[in-house]
Structures are given as C-alpha cells and as structure tokens.
$ cat input-v2.csv   # CSV, C-alpha atoms and all ligand atoms
chain,number,residue,atom,x,y,z
A,1,MET,CA,71.7,-20.0,37.8
A,2,GLU,CA,69.2,-21.1,40.3
A,3,LEU,CA,66.7,-23.7,39.3
A,4,ILE,CA,63.6,-21.5,39.2
A,5,LYS,CA,65.4,-19.0,37.0
A,6,ALA,CA,66.4,-21.8,34.6
A,7,ILE,CA,62.8,-23.0,34.5
A,8,LYS,CA,61.6,-19.5,33.7
A,9,ASN,CA,64.3,-18.7,31.2
A,10,ARG,CA,64.1,-22.0,29.2
A,11,TYR,CA,62.2,-21.4,25.9
A,12,SER,CA,62.0,-23.1,22.6
A,13,CYS,CA,64.8,-21.5,20.6
A,14,ARG,CA,64.3,-21.4,16.8
A,15,SER,CA,67.3,-19.3,15.8
A,16,TYR,CA,70.9,-20.3,16.6
A,17,SER,CA,74.4,-18.8,16.1
A,18,ASN,CA,77.1,-20.9,14.5
A,19,LYS,CA,79.2,-21.0,17.7
A,20,PRO,CA,80.1,-24.6,18.3
A,21,VAL,CA,79.2,-26.5,21.5
A,22,ASN,CA,82.1,-28.1,23.3
A,23,GLN,CA,81.9,-31.9,23.3
A,24,LYS,CA,82.6,-32.0,27.1
A,25,ILE,CA,79.6,-29.8,27.7
A,26,ILE,CA,77.4,-32.1,25.6
A,27,LYS,CA,78.5,-35.1,27.6
A,28,LYS,CA,77.9,-33.3,30.9
A,29,LEU,CA,74.4,-32.3,29.8
A,30,LEU,CA,73.6,-35.9,28.9
A,31,GLU,CA,75.0,-37.2,32.2
A,32,LEU,CA,72.8,-34.7,34.0
A,33,ALA,CA,69.9,-35.7,31.8
A,34,ASN,CA,70.3,-39.3,32.9
A,35,LEU,CA,70.1,-38.3,36.5
A,36,ALA,CA,66.4,-37.7,35.9
A,37,PRO,CA,64.0,-40.3,37.4
A,38,SER,CA,63.0,-43.3,35.3
A,39,ALA,CA,60.6,-46.2,35.7
A,40,ASN,CA,62.2,-49.0,37.7
A,41,ASN,CA,65.4,-47.1,37.2
A,42,GLY,CA,65.4,-48.6,33.7
A,43,GLN,CA,66.9,-45.4,32.1
A,44,ASN,CA,65.2,-46.2,28.9
A,45,ARG,CA,66.5,-43.3,26.9
A,46,TYR,CA,69.2,-43.2,24.2
A,47,PHE,CA,70.8,-40.2,22.7
A,48,ILE,CA,72.3,-40.0,19.2
A,49,VAL,CA,74.4,-36.8,19.0
A,50,ILE,CA,74.3,-35.4,15.5
A,51,THR,CA,76.9,-32.9,14.6
A,52,LYS,CA,77.5,-33.3,10.8
A,53,GLN,CA,76.1,-30.4,8.8
A,54,GLU,CA,74.8,-32.6,6.1
A,55,ASP,CA,72.8,-34.7,8.6
A,56,ARG,CA,71.4,-31.6,10.3
A,57,LYS,CA,70.4,-30.3,7.0
A,58,TRP,CA,68.7,-33.6,6.3
A,59,LEU,CA,66.8,-33.3,9.6
A,60,ALA,CA,65.8,-29.7,8.8
A,61,ASN,CA,64.5,-30.7,5.4
A,62,MET,CA,62.6,-33.6,6.8
A,63,ASN,CA,59.9,-31.3,8.3
A,64,ASN,CA,60.9,-27.9,7.0
A,65,GLN,CA,62.2,-26.7,10.3
A,66,PRO,CA,65.4,-24.8,9.4
A,67,TYR,CA,66.7,-24.4,12.9
A,68,LEU,CA,67.5,-28.1,13.0
A,69,ALA,CA,70.3,-27.3,10.5
A,70,GLU,CA,71.2,-23.9,12.1
A,71,ALA,CA,71.8,-25.4,15.6
A,72,PRO,CA,75.3,-26.9,15.7
A,73,ILE,CA,74.0,-30.0,17.6
A,74,ASP,CA,70.8,-32.1,17.1
A,75,ILE,CA,70.2,-34.8,19.6
A,76,LEU,CA,68.0,-37.6,18.5
A,77,VAL,CA,66.3,-39.1,21.5
A,78,ALA,CA,65.1,-42.7,21.4
A,79,THR,CA,63.7,-45.4,23.6
A,80,LYS,CA,63.8,-49.2,23.5
A,81,LEU,CA,60.8,-51.3,23.0
A,82,SER,CA,61.5,-54.2,25.4
A,83,THR,CA,61.1,-57.6,23.9
A,84,GLN,CA,61.0,-59.2,27.3
A,85,SER,CA,58.3,-61.8,27.9
A,86,VAL,CA,55.7,-60.9,30.6
A,87,LYS,CA,57.5,-63.3,33.0
A,88,GLU,CA,60.9,-61.7,32.4
A,89,TYR,CA,59.3,-58.3,32.7
A,90,LEU,CA,57.7,-59.2,36.1
A,91,ARG,CA,61.1,-60.6,37.2
A,92,SER,CA,62.7,-57.3,36.4
A,93,LEU,CA,60.2,-55.6,38.7
A,94,LYS,CA,60.9,-58.0,41.6
A,95,ASP,CA,62.6,-55.4,43.7
A,96,TRP,CA,59.7,-53.0,43.4
A,97,ASP,CA,57.6,-54.3,46.3
A,98,MET,CA,54.7,-51.9,45.5
A,99,THR,CA,54.0,-54.0,42.4
A,100,HIS,CA,50.8,-56.0,42.9
A,101,ASN,CA,50.4,-54.7,46.5
A,102,GLY,CA,53.5,-56.3,47.8
A,103,LYS,CA,52.9,-59.7,46.4
A,104,ASP,CA,55.9,-61.5,44.8
A,105,PRO,CA,55.4,-60.6,41.1
A,106,LEU,CA,56.6,-64.0,40.1
A,107,LYS,CA,53.7,-65.7,41.9
A,108,VAL,CA,51.1,-63.4,40.3
A,109,ASN,CA,48.6,-65.1,38.0
A,110,ILE,CA,49.3,-63.7,34.5
A,111,THR,CA,45.8,-62.9,33.2
A,112,GLU,CA,45.0,-61.1,29.9
A,113,GLU,CA,44.1,-58.1,31.9
A,114,LEU,CA,47.5,-58.0,33.7
A,115,LYS,CA,49.2,-58.5,30.3
A,116,ASN,CA,47.3,-55.6,28.8
A,117,ASN,CA,48.0,-53.4,31.8
A,118,LEU,CA,51.7,-54.2,31.6
A,119,VAL,CA,51.9,-53.5,27.9
A,120,GLU,CA,50.2,-50.1,28.4
A,121,MET,CA,52.4,-49.3,31.4
A,122,LYS,CA,55.5,-50.2,29.3
A,123,TYR,CA,54.6,-47.7,26.6
A,124,LYS,CA,53.8,-45.0,29.1
A,125,TRP,CA,57.1,-45.7,30.9
A,126,MET,CA,59.1,-45.5,27.7
A,127,ILE,CA,57.9,-42.0,26.9
A,128,SER,CA,58.1,-40.9,30.5
A,129,ASP,CA,61.8,-42.0,30.8
A,130,VAL,CA,62.6,-39.9,27.7
A,131,ALA,CA,60.6,-36.9,28.8
A,132,THR,CA,62.1,-36.6,32.3
A,133,ALA,CA,65.6,-36.7,30.8
A,134,ILE,CA,64.9,-34.2,28.2
A,135,GLU,CA,63.5,-31.7,30.7
A,136,ASN,CA,66.7,-32.1,32.7
A,137,LEU,CA,68.8,-31.6,29.5
A,138,MET,CA,66.9,-28.5,28.6
A,139,LEU,CA,67.1,-26.9,32.0
A,140,THR,CA,70.8,-27.6,32.5
A,141,ALA,CA,71.5,-26.3,29.0
A,142,THR,CA,69.7,-23.1,29.9
A,143,ASP,CA,71.8,-22.9,33.1
A,144,LYS,CA,74.9,-23.1,30.9
A,145,GLY,CA,73.8,-20.3,28.6
A,146,LEU,CA,72.7,-22.7,25.9
A,147,ALA,CA,69.4,-22.9,24.1
A,148,THR,CA,67.2,-25.8,23.0
A,149,CYS,CA,64.0,-26.8,21.3
A,150,TRP,CA,62.1,-30.1,21.5
A,151,ILE,CA,61.2,-31.2,18.0
A,152,GLY,CA,58.4,-33.7,17.9
A,153,ILE,CA,57.5,-33.5,14.3
A,154,ILE,CA,59.9,-36.0,12.7
A,155,ASP,CA,59.9,-38.6,10.0
A,156,PHE,CA,60.1,-41.6,12.3
A,157,ASP,CA,60.8,-44.2,9.5
A,158,GLY,CA,63.2,-41.8,7.8
A,159,VAL,CA,65.4,-41.3,11.0
A,160,ILE,CA,65.4,-45.0,11.7
A,161,LYS,CA,67.0,-45.7,8.3
A,162,LYS,CA,69.2,-42.6,8.2
A,163,PHE,CA,70.8,-43.0,11.7
A,164,LYS,CA,70.8,-46.8,11.6
A,165,LEU,CA,68.7,-47.4,14.7
A,166,PRO,CA,68.5,-51.1,15.6
A,167,ASN,CA,65.1,-52.9,15.3
A,168,GLU,CA,63.9,-52.3,18.9
A,169,ILE,CA,65.0,-48.7,19.2
A,170,ILE,CA,62.2,-46.2,18.6
A,171,PRO,CA,62.9,-42.5,17.9
A,172,VAL,CA,60.8,-40.1,20.0
A,173,CYS,CA,62.1,-36.6,19.2
A,174,VAL,CA,65.0,-34.4,18.3
A,175,VAL,CA,66.4,-31.7,20.7
A,176,THR,CA,68.3,-28.9,19.0
A,177,LEU,CA,71.2,-27.5,21.1
A,178,GLY,CA,73.3,-24.4,20.6
A,179,TYR,CA,73.8,-20.8,21.4
A,180,GLU,CA,71.0,-18.5,20.5
A,181,LYS,CA,71.6,-16.0,17.6
A,182,THR,CA,70.1,-13.1,19.5
A,183,LYS,CA,70.2,-13.1,23.3
A,184,ILE,CA,66.6,-12.8,24.5
A,185,LYS,CA,66.4,-10.5,27.5
A,186,THR,CA,63.1,-11.5,28.9
A,187,VAL,CA,61.5,-14.8,28.0
A,188,LYS,CA,57.8,-14.5,27.6
A,189,LYS,CA,55.7,-17.5,28.4
A,190,SER,CA,52.3,-18.1,27.0
A,191,ARG,CA,50.5,-20.4,29.4
A,192,LYS,CA,46.9,-21.2,30.4
A,193,PRO,CA,45.7,-20.0,33.7
A,194,ILE,CA,46.8,-22.7,36.1
A,195,GLU,CA,43.3,-23.0,37.5
A,196,GLU,CA,42.3,-24.5,34.1
A,197,LEU,CA,44.7,-27.4,34.7
A,198,ILE,CA,44.3,-28.1,38.4
A,199,HIS,CA,41.7,-30.3,40.0
A,200,TRP,CA,41.7,-30.7,43.8
A,201,GLU,CA,41.0,-34.2,45.0
A,202,LYS,CA,38.7,-35.2,42.1
A,203,TRP,CA,38.4,-34.1,38.4
B,301,LIG,C1,56.2,-33.1,22.6
B,301,LIG,C2,56.7,-31.8,22.0
B,301,LIG,C3,56.8,-31.7,20.7
B,301,LIG,C4,57.2,-30.5,20.1
B,301,LIG,N1,57.4,-30.4,18.8
B,301,LIG,C5,57.9,-29.2,18.2
B,301,LIG,C6,58.3,-29.2,16.9
B,301,LIG,O1,58.2,-30.1,16.1
B,301,LIG,N2,58.8,-28.0,16.4
B,301,LIG,C7,58.9,-26.9,17.2
B,301,LIG,O2,59.4,-25.9,16.7
B,301,LIG,N3,58.6,-26.9,18.5
B,301,LIG,C8,58.2,-28.1,19.1
B,301,LIG,N4,57.9,-28.1,20.4
B,301,LIG,C9,58.1,-27.0,21.3
B,301,LIG,C10,56.7,-26.4,21.7
B,301,LIG,O3,56.1,-25.7,20.6
B,301,LIG,C11,57.0,-25.4,22.9
B,301,LIG,O4,57.5,-26.1,24.0
B,301,LIG,C12,55.7,-24.7,23.3
B,301,LIG,O5,55.1,-23.9,22.3
B,301,LIG,C13,55.9,-23.8,24.6
B,301,LIG,O6,56.9,-22.9,24.3
B,301,LIG,P1,58.3,-22.8,25.2
B,301,LIG,O7,59.0,-24.1,25.0
B,301,LIG,O8,59.0,-21.7,24.5
B,301,LIG,O9,57.9,-22.5,26.6
B,301,LIG,C14,57.5,-29.3,21.0
B,301,LIG,C15,57.4,-29.5,22.4
B,301,LIG,C16,57.0,-30.7,22.9
B,301,LIG,C17,57.0,-30.9,24.4
$ encode --input "input-v2.csv" --output "structure tokens"
Amino acid sequence: MELIKAIKNRYSCRSYSNKPVNQKIIKKLLELANLAPSANNGQNRYFIVITKQEDRKWLANMNNQPYLAEAPIDILVATKLSTQSVKEYLRSLKDWDMTHNGKDPLKVNITEELKNNLVEMKYKWMISDVATAIENLMLTATDKGLATCWIGIIDFDGVIKKFKLPNEIIPVCVVTLGYEKTKIKTVKKSRKPIEELIHWEKW
C-alpha cells in the first residue's frame, strides 16, 4: 500500500476479530516503529507487548474500553525519565553542534534558565520520541491490513504496578493491535478545515 493510502486508511479501530497476530509481524512493526526520528537519536521509547487475555481484560476494565480486551494485542508504550545530571546530559548532546549555537556544550555556563530549558526540552522529547514511533507503527499496521487505536486514558499508577515497570520508566499510552471485526470500506475522517490550523510566517 502506498504511504498516502495508509495515512488515509488508518483509523482508530474499536472493534476487533479474534484472529491472532503473528509474533513475527509484531516484531517487524516495532522495528519499523523505531525507524522513526527521535531526539538526539535517543530512541526513548519502550514497548511492552501484552498478549495474555487476563491482562488485556484488566486493561479494558481499567478505563471501561472493551476493545482493549477484544484486540489480541495491546502494546503499552513507555518512555524513560533520564536521571542524568545536567552535565551528563550536555555531554550526551556533544555531537549535536546546533546546541548552543555551535558552542561546545561542555563549556556552556549552566545557569538556572538553561537547566529549566533542558528539563522542559527533555519532557517534550520524551513524548515526541514515543509519538513519532507510534505513528510509524499505526501506519505500517494499516499497510499490513491490521488495525490500531491509540489509548491515552490509562491508569498510569495501575499499569506501572501491573506490568512491573522499573522506577524511571513512565507509561504514555496503550496501542491496540489486531484485525478489524468488520472491514471498513471507506474510512471517514472528521477533521477541522486545515485553514484553522495553519499560520503562515507568524501566528
Ligand atoms: C493522545 C491520544 C489519546 C487517545 N486516547 C484515546 C482513548 O483513550 N480511547 C480511544 O478510544 N481513542 C483514543 N484516541 C484516538 C482518538 O480518539 C482518534 O485518533 C481521533 O478521534 C481521530 O480519529 P481517527 O484516529 O479515527 O482518525 C487517542 C488518540 C491520541 C492521539
């Protein structure tokens, strides 16, 4: 399937058949997901593949979204909160010569403002790394005749305990994956007129 077709055909599927998804396909989708861009090529995204019915039921009950149990696969996507110090963090950016206008980041004066900027950037990067990968995952799944839905309403503390996430690993969302129960012929998209979203040159 060509890319534009996959973009147009992807939709949030909330009804799945019980046809299983081959493990090789899941691995391939995740490999392709990780080809997405990431900040400083950090690839700060982790995938917990949940196949057991009891666990999928637990997820579905967590927020009353039954399709989490219906889909044969739920992928819990998480990101890592870096515990690096500012110095270590700057060192990790050393190759990125755009940082601080080409100045060696290690020679930069670490002000409170810089610290706050870096912390804010770190949080934005964590979510961005996850989001680029998920979009790849959803598009390649569509290409392979599979369906997905991004589930953002989750019990964050609950999933940390249930799936034994280590301290610094933060869950972001779950992506359901499976074959749709009824094949949708034409995907209808409800979107704002693009003019509402575009600003040329300045807001
Ligand atoms: C950050 C985010 C959170 C979402 N959370 C949920 C959710 O908890 N449950 C759900 O059914 N769909 C969820 N969705 C799917 C959106 O409702 C859906 O993408 C949107 O309505 C557009 O429809 P489409 O994906 O079919 O084009 C979420 C999507 C995103 C990107």
$ residues_around --input "input-v2.csv" --residues "A:Asn18" --least-positions-apart "6" --cutoff "10 Å" --atoms "only C-alpha atoms" --output "PyMOL selection string"
chain A and resi 70-72+178-181
$ residues_around --input "input-v2.csv" --residues "A:Thr140" --least-positions-apart "5" --cutoff "8 Å" --atoms "only C-alpha atoms" --output "ChimeraX atom specification"
/A:6,29,32
$ closest_residue --input "input-v2.csv" --among "A:Asn40, A:Ser12, A:Ser17, A:Gln65" --to "A:Leu90" --atoms "only C-alpha atoms"
A:Asn40
$ residues_near_ligand --input "input-v2.csv" --ligand "ligand LIG 301 (chain B)" --cutoff "6 Å" --atoms "only C-alpha atoms and all ligand atoms" --output "tab-separated table (two decimals) with C-alpha atoms, keeping the file's coordinate frame"
chain	number	residue	atom	x	y	z
A	11	TYR	CA	62.20	-21.40	25.90
A	12	SER	CA	62.00	-23.10	22.60
A	149	CYS	CA	64.00	-26.80	21.30
A	150	TRP	CA	62.10	-30.10	21.50
A	151	ILE	CA	61.20	-31.20	18.00
A	152	GLY	CA	58.40	-33.70	17.90
A	153	ILE	CA	57.50	-33.50	14.30
A	189	LYS	CA	55.70	-17.50	28.40
$ closest_residue --input "input-v2.csv" --among "A:Ile25, A:Ile134, A:Ile4, A:Val108" --to "A:Arg45" --atoms "only C-alpha atoms"
A:Ile134
$ residues_around --input "input-v2.csv" --residues "A:Lys115" --least-positions-apart "5" --cutoff "9 Å" --atoms "only C-alpha atoms" --output "ChimeraX atom specification"
/A:86,110,120
$ residues_around --input "input-v2.csv" --residues "stretch 121-127 of chain A" --least-positions-apart "6" --cutoff "9 Å" --atoms "only C-alpha atoms" --output "ChimeraX atom specification"
/A:38-39,43-45,79-82,172
$ residues_near_point --input "input-v2.csv" --point "(80.9, -27.3, 23.8)" --cutoff "12 Å" --atoms "all atoms listed in the file" --output "JSON, numbers by chain"
{"A": [18, 19, 20, 21, 22, 23, 24, 25, 26, 27, 28, 29, 51, 72, 73, 141, 144, 145, 146, 177, 178, 179]}
$ atom_distance --input "input-v2.csv" --atom1 "atom CA of A:Ala33" --atom2 "atom CA of A:Ala147"
14.9 Å
$ atom_distance --input "input-v2.csv" --atom1 "atom CA of A:Arg14" --atom2 "atom CA of A:Thr176"
8.8 Å
$ closest_residue --input "input-v2.csv" --among "A:Lys164, A:Lys57, A:Arg10, A:Lys107" --to "A:Glu135" --atoms "all atoms listed in the file"
A:Arg10
$ residues_around --input "input-v2.csv" --residues "stretch 131-133 of chain A" --least-positions-apart "6" --cutoff "7 Å" --atoms "only C-alpha atoms" --output "list in words"
Ala33, Asn34, Ala36 and Pro37 of chain A
$ atom_distance --input "input-v2.csv" --atom1 "atom CA of A:Asp143" --atom2 "atom CA of A:Val130"
20.1 Å
$ closest_residue --input "input-v2.csv" --among "A:Thr83, A:Ile154, A:Met138, A:Ser190" --to "A:Val119" --atoms "only C-alpha atoms"
A:Thr83
$ closest_residue --input "input-v2.csv" --among "A:Cys13, A:Ile170, A:Ile198, A:Leu139" --to "A:Val77" --atoms "only C-alpha atoms"
A:Ile170
